[in-house]
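The data block below is work_3.pdb; it holds PDB, C-alpha atoms.
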MODEL        1
ATOM      1  CA  MET A   1      13.756  -7.322  -1.822  1.00  0.00           C
ATOM      2  CA  TRP A   2      11.663 -10.504  -1.914  1.00  0.00           C
ATOM      3  CA  LYS A   3      14.336 -12.558  -0.236  1.00  0.00           C
ATOM      4  CA  LYS A   4      14.500 -10.110   2.640  1.00  0.00           C
ATOM      5  CA  LEU A   5      10.754  -9.672   3.022  1.00  0.00           C
ATOM      6  CA  PHE A   6       9.764 -13.270   2.471  1.00  0.00           C
ATOM      7  CA  ARG A   7      12.869 -14.601   4.225  1.00  0.00           C
ATOM      8  CA  ARG A   8      13.216 -17.741   2.116  1.00  0.00           C
ATOM      9  CA  ASP A   9      16.586 -18.324   3.752  1.00  0.00           C
ATOM     10  CA  VAL A  10      15.309 -18.310   7.352  1.00  0.00           C
ATOM     11  CA  ALA A  11      12.468 -20.772   7.111  1.00  0.00           C
ATOM     12  CA  ASP A  12      13.014 -22.815  10.278  1.00  0.00           C
ATOM     13  CA  ASP A  13      12.798 -22.104  13.994  1.00  0.00           C
ATOM     14  CA  ARG A  14      16.562 -22.117  14.508  1.00  0.00           C
ATOM     15  CA  PHE A  15      16.688 -18.712  12.829  1.00  0.00           C
ATOM     16  CA  PRO A  16      13.915 -16.520  14.247  1.00  0.00           C
ATOM     17  CA  VAL A  17      12.361 -13.975  11.925  1.00  0.00           C
ATOM     18  CA  GLU A  18      12.976 -10.401  13.037  1.00  0.00           C
ATOM     19  CA  ARG A  19       9.666  -8.648  13.608  1.00  0.00           C
ATOM     20  CA  THR A  20      10.221  -4.959  12.961  1.00  0.00           C
ATOM     21  CA  TRP A  21       7.142  -3.191  11.685  1.00  0.00           C
ATOM     22  CA  GLY A  22       3.827  -2.503  13.361  1.00  0.00           C
ATOM     23  CA  TRP A  23       1.745  -4.557  10.936  1.00  0.00           C
ATOM     24  CA  GLU A  24       3.969  -7.594  11.609  1.00  0.00           C
ATOM     25  CA  LEU A  25       3.383  -7.250  15.350  1.00  0.00           C
ATOM     26  CA  GLN A  26      -0.369  -7.673  14.786  1.00  0.00           C
ATOM     27  CA  LEU A  27       0.373 -11.308  13.959  1.00  0.00           C
ATOM     28  CA  SER A  28       1.771 -14.157  16.018  1.00  0.00           C
ATOM     29  CA  PRO A  29       5.059 -15.543  14.627  1.00  0.00           C
ATOM     30  CA  ASP A  30       3.273 -18.541  13.070  1.00  0.00           C
ATOM     31  CA  THR A  31       0.533 -16.383  11.598  1.00  0.00           C
ATOM     32  CA  GLN A  32       3.087 -13.934  10.227  1.00  0.00           C
ATOM     33  CA  LYS A  33       4.979 -16.775   8.567  1.00  0.00           C
ATOM     34  CA  ALA A  34       1.746 -18.045   6.972  1.00  0.00           C
ATOM     35  CA  PHE A  35       0.799 -14.529   5.860  1.00  0.00           C
ATOM     36  CA  MET A  36       4.146 -14.027   4.144  1.00  0.00           C
ATOM     37  CA  GLU A  37       3.930 -17.457   2.529  1.00  0.00           C
ATOM     38  CA  GLY A  38       0.481 -16.553   1.214  1.00  0.00           C
ATOM     39  CA  LEU A  39       1.766 -13.276  -0.222  1.00  0.00           C
ATOM     40  CA  ARG A  40       4.723 -15.016  -1.835  1.00  0.00           C
ATOM     41  CA  ALA A  41       2.473 -17.681  -3.370  1.00  0.00           C
ATOM     42  CA  TYR A  42       0.127 -14.995  -4.701  1.00  0.00           C
ATOM     43  CA  HIS A  43       3.061 -13.160  -6.266  1.00  0.00           C
ATOM     44  CA  ASP A  44       4.615 -16.327  -7.677  1.00  0.00           C
ATOM     45  CA  ALA A  45       1.272 -17.318  -9.240  1.00  0.00           C
ATOM     46  CA  GLY A  46       1.569 -14.408 -11.658  1.00  0.00           C
ATOM     47  CA  ASN A  47       0.008 -11.610  -9.616  1.00  0.00           C
ATOM     48  CA  PRO A  48       2.935  -9.249  -9.091  1.00  0.00           C
ATOM     49  CA  VAL A  49       2.828  -7.363  -5.821  1.00  0.00           C
ATOM     50  CA  ARG A  50       5.423  -5.211  -4.149  1.00  0.00           C
ATOM     51  CA  LEU A  51       5.772  -4.850  -0.402  1.00  0.00           C
ATOM     52  CA  HIS A  52       6.895  -1.633   1.251  1.00  0.00           C
ATOM     53  CA  GLY A  53       7.187  -3.186   4.696  1.00  0.00           C
ATOM     54  CA  GLU A  54       8.479  -0.209   6.603  1.00  0.00           C
ATOM     55  CA  HIS A  55       5.704   1.973   5.164  1.00  0.00           C
ATOM     56  CA  GLY A  56       2.981  -0.609   5.713  1.00  0.00           C
ATOM     57  CA  THR A  57       1.833  -0.822   2.095  1.00  0.00           C
ATOM     58  CA  LEU A  58       1.483  -3.378  -0.663  1.00  0.00           C
ATOM     59  CA  THR A  59       1.149  -2.207  -4.258  1.00  0.00           C
ATOM     60  CA  MET A  60       0.040  -3.929  -7.430  1.00  0.00           C
ATOM     61  CA  SER A  61      -0.283  -2.750 -10.993  1.00  0.00           C
ATOM     62  CA  GLY A  62      -2.983  -5.024 -12.334  1.00  0.00           C
ATOM     63  CA  PRO A  63      -5.325  -3.448 -11.406  1.00  0.00           C
ATOM     64  CA  PRO A  64      -3.428  -0.578  -9.796  1.00  0.00           C
ATOM     65  CA  ARG A  65      -3.923  -0.539  -6.044  1.00  0.00           C
ATOM     66  CA  ALA A  66      -2.121   0.596  -2.902  1.00  0.00           C
ATOM     67  CA  ILE A  67      -3.242  -1.561   0.024  1.00  0.00           C
ATOM     68  CA  SER A  68      -2.531  -1.282   3.737  1.00  0.00           C
ATOM     69  CA  LEU A  69      -0.541  -4.154   5.184  1.00  0.00           C
ATOM     70  CA  TYR A  70      -2.097  -3.273   8.556  1.00  0.00           C
ATOM     71  CA  VAL A  71      -5.552  -3.956   7.124  1.00  0.00           C
ATOM     72  CA  LEU A  72      -4.451  -7.151   5.355  1.00  0.00           C
ATOM     73  CA  ALA A  73      -2.608  -8.496   8.416  1.00  0.00           C
ATOM     74  CA  ASP A  74      -5.576  -7.781  10.677  1.00  0.00           C
ATOM     75  CA  ARG A  75      -8.014  -9.536   8.340  1.00  0.00           C
ATOM     76  CA  PHE A  76      -5.648 -12.471   7.923  1.00  0.00           C
ATOM     77  CA  ALA A  77      -5.393 -12.845  11.717  1.00  0.00           C
ATOM     78  CA  VAL A  78      -9.196 -12.830  12.030  1.00  0.00           C
ATOM     79  CA  LEU A  79      -9.362 -15.863   9.711  1.00  0.00           C
ATOM     80  CA  GLY A  80      -7.592 -17.878  12.428  1.00  0.00           C
ATOM     81  CA  LYS A  81      -6.906 -21.548  11.723  1.00  0.00           C
ATOM     82  CA  ASN A  82      -8.349 -21.313   8.223  1.00  0.00           C
ATOM     83  CA  ALA A  83      -5.590 -18.874   7.269  1.00  0.00           C
ATOM     84  CA  LEU A  84      -2.911 -21.158   8.714  1.00  0.00           C
ATOM     85  CA  LYS A  85      -4.302 -24.146   6.796  1.00  0.00           C
ATOM     86  CA  ASP A  86      -4.580 -22.297   3.485  1.00  0.00           C
ATOM     87  CA  PRO A  87      -2.414 -19.162   3.490  1.00  0.00           C
ATOM     88  CA  GLU A  88      -2.358 -18.931  -0.301  1.00  0.00           C
ATOM     89  CA  GLY A  89      -6.134 -19.070  -0.676  1.00  0.00           C
ATOM     90  CA  SER A  90      -6.679 -16.781   2.298  1.00  0.00           C
ATOM     91  CA  VAL A  91      -4.355 -14.062   1.004  1.00  0.00           C
ATOM     92  CA  ALA A  92      -5.794 -14.365  -2.518  1.00  0.00           C
ATOM     93  CA  GLY A  93      -9.322 -13.933  -1.145  1.00  0.00           C
ATOM     94  CA  LEU A  94      -8.364 -10.913   0.950  1.00  0.00           C
ATOM     95  CA  LEU A  95      -6.647  -9.242  -1.985  1.00  0.00           C
ATOM     96  CA  ARG A  96      -9.628  -9.943  -4.258  1.00  0.00           C
ATOM     97  CA  SER A  97     -11.878  -8.159  -1.784  1.00  0.00           C
ATOM     98  CA  CYS A  98      -9.475  -5.189  -1.666  1.00  0.00           C
ATOM     99  CA  VAL A  99      -9.330  -4.993  -5.450  1.00  0.00           C
ATOM    100  CA  ALA A 100     -13.115  -5.204  -5.818  1.00  0.00           C
ATOM    101  CA  ALA A 101     -14.407  -2.498  -3.483  1.00  0.00           C
ATOM    102  CA  ASP A 102     -13.482   0.924  -2.146  1.00  0.00           C
ATOM    103  CA  GLN A 103     -12.727   0.708   1.559  1.00  0.00           C
ATOM    104  CA  PRO A 104     -10.533   2.291   4.235  1.00  0.00           C
ATOM    105  CA  GLY A 105      -6.891   1.298   3.847  1.00  0.00           C
ATOM    106  CA  VAL A 106      -7.211   0.607   0.111  1.00  0.00           C
ATOM    107  CA  LEU A 107      -6.486   3.181  -2.574  1.00  0.00           C
ATOM    108  CA  HIS A 108      -8.012   2.354  -5.957  1.00  0.00           C
ATOM    109  CA  LEU A 109      -5.692   3.979  -8.474  1.00  0.00           C
ATOM    110  CA  ARG A 110      -6.463   4.714 -12.111  1.00  0.00           C
ATOM    111  CA  GLU A 111      -5.147   2.884 -15.143  1.00  0.00           C
ATOM    112  CA  ARG A 112      -3.059   5.310 -17.220  1.00  0.00           C
ATOM    113  CA  TRP A 113      -3.832   7.989 -14.654  1.00  0.00           C
ATOM    114  CA  LEU A 114      -2.406  10.805 -16.765  1.00  0.00           C
ATOM    115  CA  GLU A 115      -1.907  10.884 -20.504  1.00  0.00           C
ATOM    116  CA  GLY A 116       0.035  13.932 -21.592  1.00  0.00           C
ATOM    117  CA  GLU A 117      -0.101  16.871 -19.190  1.00  0.00           C
ATOM    118  CA  VAL A 118      -2.408  18.719 -16.841  1.00  0.00           C
ATOM    119  CA  GLY A 119      -1.702  22.348 -16.086  1.00  0.00           C
ATOM    120  CA  GLY A 120       1.638  21.999 -17.864  1.00  0.00           C
ATOM    121  CA  LEU A 121       2.676  19.073 -15.646  1.00  0.00           C
ATOM    122  CA  ASP A 122       3.397  15.523 -16.753  1.00  0.00           C
ATOM    123  CA  ARG A 123       3.238  12.545 -14.361  1.00  0.00           C
ATOM    124  CA  ALA A 124       6.568  13.352 -12.760  1.00  0.00           C
ATOM    125  CA  GLY A 125       5.537  16.987 -12.443  1.00  0.00           C
ATOM    126  CA  VAL A 126       2.281  16.142 -10.661  1.00  0.00           C
ATOM    127  CA  LEU A 127       4.181  13.841  -8.307  1.00  0.00           C
ATOM    128  CA  ALA A 128       6.732  16.582  -7.589  1.00  0.00           C
ATOM    129  CA  ALA A 129       3.953  19.109  -6.920  1.00  0.00           C
ATOM    130  CA  VAL A 130       2.279  16.713  -4.480  1.00  0.00           C
ATOM    131  CA  ARG A 131       5.633  16.134  -2.820  1.00  0.00           C
ATOM    132  CA  ALA A 132       6.084  19.868  -2.383  1.00  0.00           C
ATOM    133  CA  ALA A 133       2.571  20.121  -0.924  1.00  0.00           C
ATOM    134  CA  VAL A 134       3.191  17.445   1.741  1.00  0.00           C
ATOM    135  CA  GLY A 135       6.886  17.979   2.336  1.00  0.00           C
ATOM    136  CA  ASP A 136       6.555  19.139   5.920  1.00  0.00           C
ATOM    137  CA  LEU A 137       4.195  16.350   7.024  1.00  0.00           C
ATOM    138  CA  GLY A 138       6.742  13.522   7.122  1.00  0.00           C
ATOM    139  CA  THR A 139       8.969  11.311   5.008  1.00  0.00           C
ATOM    140  CA  TRP A 140       7.758  11.192   1.430  1.00  0.00           C
ATOM    141  CA  TYR A 141       7.876   8.632  -1.364  1.00  0.00           C
ATOM    142  CA  GLY A 142       5.830   7.979  -4.502  1.00  0.00           C
ATOM    143  CA  ASP A 143       5.452   6.216  -7.820  1.00  0.00           C
ATOM    144  CA  ALA A 144       4.686   8.322 -10.894  1.00  0.00           C
ATOM    145  CA  ASP A 145       3.952   5.253 -13.030  1.00  0.00           C
ATOM    146  CA  LEU A 146       1.510   3.622 -10.619  1.00  0.00           C
ATOM    147  CA  GLY A 147       0.055   6.985  -9.623  1.00  0.00           C
ATOM    148  CA  PHE A 148       0.333   7.378  -5.877  1.00  0.00           C
ATOM    149  CA  ALA A 149       2.281   9.258  -3.248  1.00  0.00           C
ATOM    150  CA  ALA A 150       2.748   8.426   0.417  1.00  0.00           C
ATOM    151  CA  VAL A 151       3.645  10.497   3.435  1.00  0.00           C
ATOM    152  CA  VAL A 152       5.077   8.562   6.354  1.00  0.00           C
ATOM    153  CA  ASN A 153       5.251   9.812   9.912  1.00  0.00           C
ATOM    154  CA  GLU A 154       5.748   7.932  13.160  1.00  0.00           C
ATOM    155  CA  GLU A 155       2.073   7.213  13.679  1.00  0.00           C
ATOM    156  CA  ASN A 156       0.672   6.472  10.222  1.00  0.00           C
ATOM    157  CA  THR A 157       1.138   6.628   6.446  1.00  0.00           C
ATOM    158  CA  LEU A 158      -1.096   8.746   4.215  1.00  0.00           C
ATOM    159  CA  LEU A 159      -1.675   7.466   0.660  1.00  0.00           C
ATOM    160  CA  ILE A 160      -2.665   9.962  -2.060  1.00  0.00           C
ATOM    161  CA  ASP A 161      -4.141   9.111  -5.478  1.00  0.00           C
ATOM    162  CA  LEU A 162      -2.274  11.225  -8.043  1.00  0.00           C
ATOM    163  CA  GLY A 163      -5.024  10.577 -10.596  1.00  0.00           C
ATOM    164  CA  GLU A 164      -7.590  12.240  -8.341  1.00  0.00           C
ATOM    165  CA  VAL A 165      -5.273  15.218  -7.830  1.00  0.00           C
ATOM    166  CA  ALA A 166      -4.734  15.548 -11.589  1.00  0.00           C
ATOM    167  CA  GLU A 167      -8.455  15.229 -12.347  1.00  0.00           C
ATOM    168  CA  GLN A 168      -9.393  17.962  -9.872  1.00  0.00           C
ATOM    169  CA  HIS A 169      -6.645  20.231 -11.195  1.00  0.00           C
ATOM    170  CA  ARG A 170      -7.868  19.662 -14.760  1.00  0.00           C
ATOM    171  CA  ALA A 171     -11.435  20.496 -13.703  1.00  0.00           C
ATOM    172  CA  ASP A 172     -10.351  23.763 -12.088  1.00  0.00           C
ATOM    173  CA  PRO A 173      -6.809  24.885 -12.994  1.00  0.00           C
ATOM    174  CA  SER A 174      -7.169  27.946 -10.778  1.00  0.00           C
ATOM    175  CA  VAL A 175      -6.926  25.688  -7.696  1.00  0.00           C
ATOM    176  CA  SER A 176      -3.320  24.820  -6.898  1.00  0.00           C
ATOM    177  CA  ILE A 177      -2.209  21.239  -6.395  1.00  0.00           C
ATOM    178  CA  ALA A 178      -1.258  22.143  -2.830  1.00  0.00           C
ATOM    179  CA  ASP A 179      -4.828  23.285  -2.165  1.00  0.00           C
ATOM    180  CA  ILE A 180      -6.256  20.183  -3.835  1.00  0.00           C
ATOM    181  CA  VAL A 181      -4.113  17.922  -1.649  1.00  0.00           C
ATOM    182  CA  LYS A 182      -5.128  19.844   1.483  1.00  0.00           C
ATOM    183  CA  ARG A 183      -8.792  19.556   0.511  1.00  0.00           C
ATOM    184  CA  LEU A 184      -8.470  15.799  -0.096  1.00  0.00           C
ATOM    185  CA  VAL A 185      -6.734  15.235   3.227  1.00  0.00           C
ATOM    186  CA  ASP A 186      -9.239  17.375   5.120  1.00  0.00           C
ATOM    187  CA  ALA A 187     -12.192  15.598   3.491  1.00  0.00           C
ATOM    188  CA  GLY A 188     -10.601  12.198   4.070  1.00  0.00           C
ATOM    189  CA  ASP A 189     -12.581  10.319   1.435  1.00  0.00           C
ATOM    190  CA  ASP A 190     -12.003   9.855  -2.316  1.00  0.00           C
ATOM    191  CA  GLY A 191      -8.368  10.097  -3.303  1.00  0.00           C
ATOM    192  CA  VAL A 192      -6.739   9.494   0.064  1.00  0.00           C
ATOM    193  CA  THR A 193      -6.545   6.797   2.729  1.00  0.00           C
ATOM    194  CA  TRP A 194      -4.421   5.894   5.736  1.00  0.00           C
ATOM    195  CA  VAL A 195      -2.628   2.581   6.215  1.00  0.00           C
ATOM    196  CA  LYS A 196      -4.029   2.536   9.758  1.00  0.00           C
ATOM    197  CA  PRO A 197      -7.588   3.730   9.170  1.00  0.00           C
ATOM    198  CA  ALA A 198      -9.547   5.313  11.990  1.00  0.00           C
ATOM    199  CA  GLU A 199     -11.826   2.788  13.659  1.00  0.00           C
TER
ENDMDL
END

This structure in structure tokens:
Amino acid sequence: MWKKLFRRDVADDRFPVERTWGWELQLSPDTQKAFMEGLRAYHDAGNPVRLHGEHGTLTMSGPPRAISLYVLADRFAVLGKNALKDPEGSVAGLLRSCVAADQPGVLHLRERWLEGEVGGLDRAGVLAAVRAAVGDLGTWYGDADLGFAAVVNEENTLLIDLGEVAEQHRADPSVSIADIVKRLVDAGDDGVTWVKPAE
């Protein structure tokens, strides 16, 4: 995965990097190369991150976060020449700001988001119930260990905090997980975000 995303084997201009996803197209080729180098350096420095390029997300487990690559790429581009001179420091600073504060495009997940069960469901069960609730909205994927689910359609990707779903279900078991998810999406605040937030 890293070799493909970070393209260690296509590092010179004789082999142009294929630019596929929307967040990549926000960056010039040189800026994209610097951005990816900064992400790789951050990862290699002992801060494991995982890129889901086609879905426009980056995830980390310490602390658990799901972060929009659209938001990161846009902020990296705004840094201009400073980002090109110091991609490692620039990416590290952007990720620190995402980890520190709630903001559009960043989902702050919970450590150990579910111990045991809620409403008879373990982590995998909550994830499956959320999947069933969003199944007709687009392509689905999720991570029961990290505690998030994502729904991908052609325009955007919705990120859902499974810990928030579980907490609301525990507080009122009479409300179905499907209704909780609908309420979160309709409210559009705690527990959900989009990788391309509304401006």

Between A:Pro63, A:Pro173, A:Pro104, A:Gly116, which residue has the minimum interatomic distance to Lys196 of chain A, considering all atoms listed in the file?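 Smallest distance to Lys196 of chain A is found for A:Pro104.
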
Using all atoms listed in the file, which residues sit within 12 Å of segment 91-100 of chain A once same-chain residues fewer than 3 positions away are excluded, as a tab-separated table (two decimals) with C-alpha atoms, keeping the file's coordinate frame?
chain	number	residue	atom	x	y	z
A	31	THR	CA	0.53	-16.38	11.60
A	32	GLN	CA	3.09	-13.93	10.23
A	34	ALA	CA	1.75	-18.05	6.97
A	35	PHE	CA	0.80	-14.53	5.86
A	36	MET	CA	4.15	-14.03	4.14
A	37	GLU	CA	3.93	-17.46	2.53
A	38	GLY	CA	0.48	-16.55	1.21
A	39	LEU	CA	1.77	-13.28	-0.22
A	40	ARG	CA	4.72	-15.02	-1.84
A	41	ALA	CA	2.47	-17.68	-3.37
A	42	TYR	CA	0.13	-15.00	-4.70
A	43	HIS	CA	3.06	-13.16	-6.27
A	44	ASP	CA	4.62	-16.33	-7.68
A	45	ALA	CA	1.27	-17.32	-9.24
A	46	GLY	CA	1.57	-14.41	-11.66
A	47	ASN	CA	0.01	-11.61	-9.62
A	48	PRO	CA	2.94	-9.25	-9.09
A	49	VAL	CA	2.83	-7.36	-5.82
A	58	LEU	CA	1.48	-3.38	-0.66
A	59	THR	CA	1.15	-2.21	-4.26
A	60	MET	CA	0.04	-3.93	-7.43
A	61	SER	CA	-0.28	-2.75	-10.99
A	62	GLY	CA	-2.98	-5.02	-12.33
A	63	PRO	CA	-5.32	-3.45	-11.41
A	64	PRO	CA	-3.43	-0.58	-9.80
A	65	ARG	CA	-3.92	-0.54	-6.04
A	66	ALA	CA	-2.12	0.60	-2.90
A	67	ILE	CA	-3.24	-1.56	0.02
A	68	SER	CA	-2.53	-1.28	3.74
A	69	LEU	CA	-0.54	-4.15	5.18
A	71	VAL	CA	-5.55	-3.96	7.12
A	72	LEU	CA	-4.45	-7.15	5.36
A	73	ALA	CA	-2.61	-8.50	8.42
A	74	ASP	CA	-5.58	-7.78	10.68
A	75	ARG	CA	-8.01	-9.54	8.34
A	76	PHE	CA	-5.65	-12.47	7.92
A	77	ALA	CA	-5.39	-12.84	11.72
A	78	VAL	CA	-9.20	-12.83	12.03
A	79	LEU	CA	-9.36	-15.86	9.71
A	82	ASN	CA	-8.35	-21.31	8.22
A	83	ALA	CA	-5.59	-18.87	7.27
A	84	LEU	CA	-2.91	-21.16	8.71
A	85	LYS	CA	-4.30	-24.15	6.80
A	86	ASP	CA	-4.58	-22.30	3.48
A	87	PRO	CA	-2.41	-19.16	3.49
A	88	GLU	CA	-2.36	-18.93	-0.30
A	103	GLN	CA	-12.73	0.71	1.56
A	104	PRO	CA	-10.53	2.29	4.24
A	105	GLY	CA	-6.89	1.30	3.85
A	106	VAL	CA	-7.21	0.61	0.11
A	107	LEU	CA	-6.49	3.18	-2.57
A	108	HIS	CA	-8.01	2.35	-5.96
A	109	LEU	CA	-5.69	3.98	-8.47

- Task: Could you give me, as a VMD selection string, the residues within 8 Å of Ile160 of chain A, counting all atoms listed in the file and dropping anything in the same chain fewer than 5 positions from it?
- Result: chain A and resid 107 148 to 150 191 to 193

- What is the distance between atom CA of Leu146 of chain A and atom CA of Thr20 of chain A, in Å to one decimal?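 Pair atom CA of Leu146 of chain A / atom CA of Thr20 of chain A returns 26.6 Å.
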
So, counting only C-alpha atoms, which residue among A:Val130, A:Ala198, A:Leu114, A:Ile177 is closest to Gly163 of chain A?
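Once distances to Gly163 of chain A are computed over only C-alpha atoms, the minimum belongs to A:Leu114.
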
* Output the residue selection produced by the PyMOL selection byres ((chain A and resi 180) around 10) on the file above, formatted as a PyMOL selection string. => chain A and resi 130+133+164-166+168-169+172+175-179+181-186

| message | If I take atom CA of Trp113 of chain A and atom CA of Leu162 of chain A, how far is one from the other in Å, to one decimal? | response |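 Spanning atom CA of Trp113 of chain A to atom CA of Leu162 of chain A is a straight-line distance of 7.5 Å.
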
*Go through the shown structure with the PyMOL selection byres ((chain A and resi 155) around 12) and write out the matching residues as a PyMOL selection string.*
chain A and resi 21-22+55-56+137-139+151-154+156-158+194-198

Using the selection just defined, write its residues with C-alpha atoms as a PDB file, keeping the file's coordinate frame.
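And here's out.pdb as it stands now:
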ATOM      1  CA  TRP A  21       7.142  -3.191  11.685  1.00  0.00           C
ATOM      2  CA  GLY A  22       3.827  -2.503  13.361  1.00  0.00           C
ATOM      3  CA  HIS A  55       5.704   1.973   5.164  1.00  0.00           C
ATOM      4  CA  GLY A  56       2.981  -0.609   5.713  1.00  0.00           C
ATOM      5  CA  LEU A 137       4.195  16.350   7.024  1.00  0.00           C
ATOM      6  CA  GLY A 138       6.742  13.522   7.122  1.00  0.00           C
ATOM      7  CA  THR A 139       8.969  11.311   5.008  1.00  0.00           C
ATOM      8  CA  VAL A 151       3.645  10.497   3.435  1.00  0.00           C
ATOM      9  CA  VAL A 152       5.077   8.562   6.354  1.00  0.00           C
ATOM     10  CA  ASN A 153       5.251   9.812   9.912  1.00  0.00           C
ATOM     11  CA  GLU A 154       5.748   7.932  13.160  1.00  0.00           C
ATOM     12  CA  ASN A 156       0.672   6.472  10.222  1.00  0.00           C
ATOM     13  CA  THR A 157       1.138   6.628   6.446  1.00  0.00           C
ATOM     14  CA  LEU A 158      -1.096   8.746   4.215  1.00  0.00           C
ATOM     15  CA  TRP A 194      -4.421   5.894   5.736  1.00  0.00           C
ATOM     16  CA  VAL A 195      -2.628   2.581   6.215  1.00  0.00           C
ATOM     17  CA  LYS A 196      -4.029   2.536   9.758  1.00  0.00           C
ATOM     18  CA  PRO A 197      -7.588   3.730   9.170  1.00  0.00           C
ATOM     19  CA  ALA A 198      -9.547   5.313  11.990  1.00  0.00           C
TER      20      ALA A 198
END

Hey, can you check how far atom CA of Leu159 of chain A sits from atom CA of Thr57 of chain A?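 For atom CA of Leu159 of chain A relative to atom CA of Thr57 of chain A, the distance reads 9.1 Å.
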
Closest of A:Gly89, A:Ala132, A:Arg50, A:Tyr70 to Glu24 of chain A, counting only C-alpha atoms, is A:Tyr70

For segment 18-36 of chain A, what centre and edge lengths in Å (one decimal) does the axis-aligned box get once 6 Å is added on each side of all its listed atoms, as lines of an AutoDock Vina configuration file?
center_x = 6.3
center_y = -10.5
center_z = 10.1
size_x = 25.3
size_y = 28.0
size_z = 23.9
